[in-house]
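Asks: Please see the structure below; I have some questions.
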Amino acid sequence: MPKIVKTDAEWLEQLGDLAFQVTRRAATERPFSHDETPEGPGRYRCICCGAELFTSEQRFDSGCGWPAFTAPTSREAVDGYEDRSHGMVRVEVRCHDCDAHLGHVFPDGPRDRGGLRFCINGVALRFEPEV
């Protein structure tokens with residue numbers, strides 16, 4: 001399946017400034033600033049293209065100020081890229097379908113659930129409650 005590609009103007013019109021800066025320019029929203037991510041059973045989709053990325057079963061409270069997940073819904077849902085910005089080496093996480101910057105993955109998640117923490121910008125996600 002080919003990547004979803006749009007112009008910056010099209011993304012900006014669809015997303016608004018904050019979501020555009022985060023997903024298309026790899027910015028980061030302030031911690032504890034995105035209160036719009038509801039709790040409860042459901043799926044978390046990419047704000048840009050609607051691809052299913054995470055489920056509520058994978059979510060946990062890491063205390064970091066951003067939504068955290070132990071794993072994506074599938075290995076194909078997200079791609080990881082080495083990120084050497086800000087004087088550190090991290091793994092950036094992007095949506096596989098549209099290359100939206102989502103956040104980063106760290107090896108400090110719950111050990112009993114695989115040990116990974118996908119630290120994701122809340123503004124990069126759209127929650128779809130389970131019906």
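FYI, nothing fancy with the structure tokens labels: chains A, B, ... in order, residues from 1 per chain, ligands from 1 as they appear.
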Going by DSSP on the backbone, which residues of chain A come out as strand (DSSP E)? List them as a PyMOL selection string.

Replies: chain A and resi 42-46+52-55+59-60+68-69+78-83+90-95+101-106+117-120+125-129

Asks: Quick one: residues within 12 Å of Gly65 in chain A, only C-alpha atoms, excluding same-chain residues fewer than 6 positions away - as a ChimeraX atom specification?

Replies: /A:28-35,37,119-122

Asks: Deliver the residues from the most recent selection as a file, using C-alpha atoms, as an mmCIF file, in the first residue's frame.

Replies:
```
data_model
loop_
_atom_site.group_PDB
_atom_site.id
_atom_site.type_symbol
_atom_site.label_atom_id
_atom_site.label_comp_id
_atom_site.auth_asym_id
_atom_site.auth_seq_id
_atom_site.Cartn_x
_atom_site.Cartn_y
_atom_site.Cartn_z
ATOM 1 C CA THR A 28 6.270 17.584 20.943
ATOM 2 C CA GLU A 29 3.265 18.768 22.880
ATOM 3 C CA ARG A 30 3.896 19.813 26.469
ATOM 4 C CA PRO A 31 3.584 16.982 29.010
ATOM 5 C CA PHE A 32 0.229 16.758 30.792
ATOM 6 C CA SER A 33 -1.264 19.193 28.257
ATOM 7 C CA HIS A 34 -3.476 16.867 26.266
ATOM 8 C CA ASP A 35 -6.507 15.985 28.360
ATOM 9 C CA THR A 37 -7.527 11.290 25.403
ATOM 10 C CA CYS A 119 5.455 7.522 24.583
ATOM 11 C CA ILE A 120 2.980 9.081 22.149
ATOM 12 C CA ASN A 121 1.775 12.651 21.708
ATOM 13 C CA GLY A 122 -1.932 12.733 22.555
#
```

Asks: Produce a table with one row for each residue of range 44-92 of chain A that has an atom at most 7 Å from any atom of range 103-115 of chain A, each row naming the nearest atom pair and its distance in Å at one decimal; use only C-alpha atoms; arrange rows by chain and rising residue number; format as JSON lines.

Replies:
```
{"residue": "A:Thr70", "atom": "CA", "partner": "A:Arg113", "partner_atom": "CA", "distance": 6.5}
{"residue": "A:Arg90", "atom": "CA", "partner": "A:His104", "partner_atom": "CA", "distance": 6.9}
{"residue": "A:Val91", "atom": "CA", "partner": "A:His104", "partner_atom": "CA", "distance": 5.5}
{"residue": "A:Glu92", "atom": "CA", "partner": "A:His104", "partner_atom": "CA", "distance": 4.4}
```

Asks: Could you write out, as a PDB file with C-alpha atoms, in the first residue's frame, all the residues of range 1-116 of chain A that DSSP marks as alpha helix (DSSP H)?

Replies:
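File written: out.pdb
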```
ATOM      1  CA  ASP A   8       1.813  20.909   3.953  1.00  0.00           C
ATOM      2  CA  ALA A   9      -1.142  23.182   3.223  1.00  0.00           C
ATOM      3  CA  GLU A  10      -3.501  20.188   3.029  1.00  0.00           C
ATOM      4  CA  TRP A  11      -2.158  18.700   6.286  1.00  0.00           C
ATOM      5  CA  LEU A  12      -2.373  22.052   8.067  1.00  0.00           C
ATOM      6  CA  GLU A  13      -5.976  22.578   6.968  1.00  0.00           C
ATOM      7  CA  GLN A  14      -6.935  19.068   8.103  1.00  0.00           C
ATOM      8  CA  LEU A  15      -5.064  19.073  11.415  1.00  0.00           C
ATOM      9  CA  ASP A  17      -1.468  24.086  13.954  1.00  0.00           C
ATOM     10  CA  LEU A  18      -0.523  21.955  16.991  1.00  0.00           C
ATOM     11  CA  ALA A  19      -1.316  18.581  15.414  1.00  0.00           C
ATOM     12  CA  PHE A  20       0.440  19.718  12.210  1.00  0.00           C
ATOM     13  CA  GLN A  21       3.583  20.775  14.109  1.00  0.00           C
ATOM     14  CA  VAL A  22       3.665  17.497  16.060  1.00  0.00           C
ATOM     15  CA  THR A  23       2.827  15.010  13.309  1.00  0.00           C
ATOM     16  CA  ARG A  24       4.392  16.659  10.270  1.00  0.00           C
ATOM     17  CA  ARG A  25       7.303  18.582  11.889  1.00  0.00           C
TER      18      ARG A  25
END
```

Asks: With only C-alpha atoms as the basis for distance, which of A:Leu116, A:Ile4, A:Met88, A:Ala124 is at the shortest distance from His101 in chain A?

Replies: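 Between A:Leu116, A:Ile4, A:Met88, A:Ala124, the residue approaching His101 in chain A most closely is A:Ala124.
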
Asks: Measure the distance from CA of Pro41 in chain A to CA of Tyr81 in chain A in Å and round it to one decimal.

Replies: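 CA of Tyr81 in chain A lies at a distance of 29.2 Å from CA of Pro41 in chain A.
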
Asks: Between A:Val89, A:Arg117, A:Gly16, A:Ala100, which one has atoms that come closest to Cys64 in chain A, using only C-alpha atoms?

Replies: A:Arg117

Asks: Interatomic distance between CA of Pro2 in chain A and CA of Cys49 in chain A?

Replies: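 Between CA of Pro2 in chain A and CA of Cys49 in chain A the gap works out to 12.5 Å.
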
Asks: May I ask which of the residues A:Leu102, A:Val131, A:Phe69, A:Arg59 is the closest one to Ile47 in chain A, counting only C-alpha atoms?

Replies: A:Leu102

Asks: Quick one: residues within 9 Å of Gly40 in chain A, only C-alpha atoms counted, chain neighbours fewer than 4 positions away excluded, as a VMD selection string?

Replies: chain A and resid 56 129 to 130

Asks: Record the distance separating CA of Asp99 in chain A and CA of Glu57 in chain A, expressed in Å with one decimal.

Replies: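 Distance reported for this atom pair: 23.9 Å.
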
Asks: May I ask which of the residues A:Thr73, A:Asp61, A:Asp83, A:Arg94 is the closest one to Gly42 in chain A, counting only C-alpha atoms?

Replies: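 Closest to Gly42 in chain A of all the choices is A:Thr73.
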
Asks: Could you check which of A:His86, A:Arg43, A:Arg75, A:Lys6 is closest to Arg126 in chain A, using only C-alpha atoms?

Replies: A:Arg43
